[in-house]
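Notes to accompany the following structure.
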Amino acid sequence: MGEDDDFLRLDLQVCFPLYAASNLFSRLYRPVLAKLGLTYPQYLVMLVLWEQAPQSVGALGERLHLDSGTLTPLLKRMEGAGLVTRQRDAADERRVLIALTEQGMALRQQARDVPQTLASSLSLSPEELIELRASVQHLVAVLASAEATVSPS
């Protein structure tokens, strides 16, 4: 292997530790969220809806960086589980609005301890968690901006 191939080493990639961290976070969340009957992507949808509901599918997708092809089946399963409703927007039939059911609203109380449960399982101080979140949020903004310039609209 020559020097020109060094950039292909796994340990030199920025994307791999992010991919691995994402997978490991999902595995940490899995047993905690299973008690709530949620998958990690469903939990993310619920977090957005607990902040403000109803939301359009498009707004949810923007906030979560998910396309409608990924989000629609997820929302259908959540509707089937009785957590959300999907309804066409009366003002614009092209938009589908996602709202919480009473069951979905009640789940918020049960989920209150999820962030603390996960944070306590990490060997990071509160300050380190804040710094890490800020760094990752910055990276997400950089990647979203790069995607906007690379992807055809």
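Ligands are numbered from 1 in the order shown, chains are lettered A, B, ... in the order of the structure tokens, and residues start at 1 in each chain.
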**OP:** Apply DSSP to the backbone of this structure and, from chain A, keep only the residues in alpha helix (DSSP H); write these as a ChimeraX atom specification.
**Re:** /A:15-34,40-51,57-64,68-80,102-111,114-120,126-150
Q) If we count only C-alpha atoms, what is near Leu66 (chain A) at a cut-off of 12 Å, once residues fewer than 3 positions away on the same chain are taken out, given as a PyMOL selection string? A) chain A and resi 41+44-45+57-63+69-75+144
With 9 Å as the cut-off and only C-alpha atoms counted, what is the closest atom pair between each nearby residue of region 23-48 of chain A and region 99-116 of chain A? Distances in Å to one decimal, ordered by chain and number, as JSON lines.
{"residue": "A:Tyr29", "atom": "CA", "partner": "A:Val114", "partner_atom": "CA", "distance": 8.3}
{"residue": "A:Val32", "atom": "CA", "partner": "A:Val114", "partner_atom": "CA", "distance": 6.9}
{"residue": "A:Leu33", "atom": "CA", "partner": "A:Val114", "partner_atom": "CA", "distance": 7.7}
{"residue": "A:Leu36", "atom": "CA", "partner": "A:Ala111", "partner_atom": "CA", "distance": 7.2}
{"residue": "A:Met46", "atom": "CA", "partner": "A:Gly104", "partner_atom": "CA", "distance": 7.7}
{"residue": "A:Leu47", "atom": "CA", "partner": "A:Arg108", "partner_atom": "CA", "distance": 8.4}
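The nearest approach to Ser120 (chain A) among the residues A:His65, A:Leu28, A:Gln55, A:Ala20, with only C-alpha atoms taken into account, belongs to A:Leu28.
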_With DSSP run on the backbone, what are the strand (DSSP E or B) residues within region 47-148 of chain A? I'd like them as a list of chain:residue names._
A:Gln55, A:Ser56, A:Val84, A:Thr85, A:Arg86, A:Gln87, A:Arg88, A:Asp89, A:Asp92, A:Glu93, A:Arg94, A:Arg95, A:Val96, A:Leu97, A:Ile98, A:Ala99, A:Leu100
Please write the residues from the selection above to a file, keeping N, CA and C atoms, as a short mmCIF file (atom, residue, chain, number, x, y, z; two decimals), in the first residue's frame.
data_model
loop_
_atom_site.label_atom_id
_atom_site.label_comp_id
_atom_site.auth_asym_id
_atom_site.auth_seq_id
_atom_site.Cartn_x
_atom_site.Cartn_y
_atom_site.Cartn_z
N GLN A 55 -47.44 19.32 13.25
CA GLN A 55 -46.34 19.64 12.34
C GLN A 55 -46.64 19.00 10.99
N SER A 56 -46.25 19.65 9.93
CA SER A 56 -46.38 19.03 8.62
C SER A 56 -45.30 17.97 8.47
N VAL A 84 -49.98 9.11 17.06
CA VAL A 84 -50.18 10.32 16.25
C VAL A 84 -51.36 10.13 15.32
N THR A 85 -51.82 11.25 14.79
CA THR A 85 -52.81 11.22 13.71
C THR A 85 -52.18 11.89 12.50
N ARG A 86 -52.60 11.45 11.34
CA ARG A 86 -52.16 12.07 10.07
C ARG A 86 -53.41 12.58 9.39
N GLN A 87 -53.39 13.86 9.02
CA GLN A 87 -54.58 14.45 8.41
C GLN A 87 -54.15 15.49 7.37
N ARG A 88 -54.84 15.49 6.24
CA ARG A 88 -54.57 16.51 5.21
C ARG A 88 -54.87 17.89 5.77
N ASP A 89 -54.03 18.85 5.43
CA ASP A 89 -54.22 20.24 5.85
C ASP A 89 -55.38 20.82 5.05
N ASP A 92 -54.28 23.48 2.65
CA ASP A 92 -53.42 23.04 1.54
C ASP A 92 -53.43 21.51 1.51
N GLU A 93 -54.25 20.95 0.65
CA GLU A 93 -54.45 19.50 0.58
C GLU A 93 -53.17 18.71 0.31
N ARG A 94 -52.13 19.38 -0.20
CA ARG A 94 -50.88 18.69 -0.48
C ARG A 94 -50.11 18.38 0.78
N ARG A 95 -50.40 19.11 1.85
CA ARG A 95 -49.68 18.93 3.12
C ARG A 95 -50.41 17.97 4.03
N VAL A 96 -49.63 17.13 4.70
CA VAL A 96 -50.18 16.24 5.71
C VAL A 96 -49.69 16.73 7.06
N LEU A 97 -50.63 16.92 7.97
CA LEU A 97 -50.30 17.38 9.31
C LEU A 97 -50.27 16.20 10.28
N ILE A 98 -49.27 16.20 11.13
CA ILE A 98 -49.09 15.16 12.14
C ILE A 98 -49.37 15.78 13.50
N ALA A 99 -50.32 15.18 14.21
CA ALA A 99 -50.67 15.66 15.55
C ALA A 99 -50.55 14.52 16.54
N LEU A 100 -50.43 14.88 17.79
CA LEU A 100 -50.36 13.89 18.86
C LEU A 100 -51.76 13.46 19.28
#
Write out as a PyMOL selection string each polymer residue whose atoms come within 12 Å of region 138-140 of chain A, counting only C-alpha atoms; drop sequence neighbours fewer than 3 positions from it. chain A and resi 14-15+18+63-65+131-135+143-147
Please write the residues from the selection above to a file, keeping C-alpha atoms, as a short mmCIF file (atom, residue, chain, number, x, y, z; two decimals), in the first residue's frame.
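For reference, again_15.cif as written:
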data_model
loop_
_atom_site.label_atom_id
_atom_site.label_comp_id
_atom_site.auth_asym_id
_atom_site.auth_seq_id
_atom_site.Cartn_x
_atom_site.Cartn_y
_atom_site.Cartn_z
CA VAL A 14 -14.19 11.50 9.84
CA CYS A 15 -17.37 9.70 8.81
CA LEU A 18 -19.64 9.43 13.57
CA ARG A 63 -36.10 19.21 11.49
CA LEU A 64 -34.98 15.55 11.60
CA HIS A 65 -33.05 15.58 8.31
CA GLU A 131 -19.53 20.95 24.45
CA LEU A 132 -20.00 17.71 22.50
CA ARG A 133 -23.59 18.62 21.58
CA ALA A 134 -22.48 22.07 20.37
CA SER A 135 -19.68 20.56 18.26
CA LEU A 143 -23.05 18.96 6.49
CA ALA A 144 -26.56 20.28 5.76
CA SER A 145 -25.03 23.30 4.04
CA ALA A 146 -22.67 21.09 2.03
CA GLU A 147 -25.56 18.82 1.03
#
When you draw a straight line from CA of Ser26 (chain A) to CA of Ala141 (chain A), how long is it in Å?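 Result for CA of Ser26 (chain A) versus CA of Ala141 (chain A): 21.2 Å, one decimal.
As for CA of Ala119 (chain A) and CA of Phe16 (chain A), they are spaced 22.5 Å apart.
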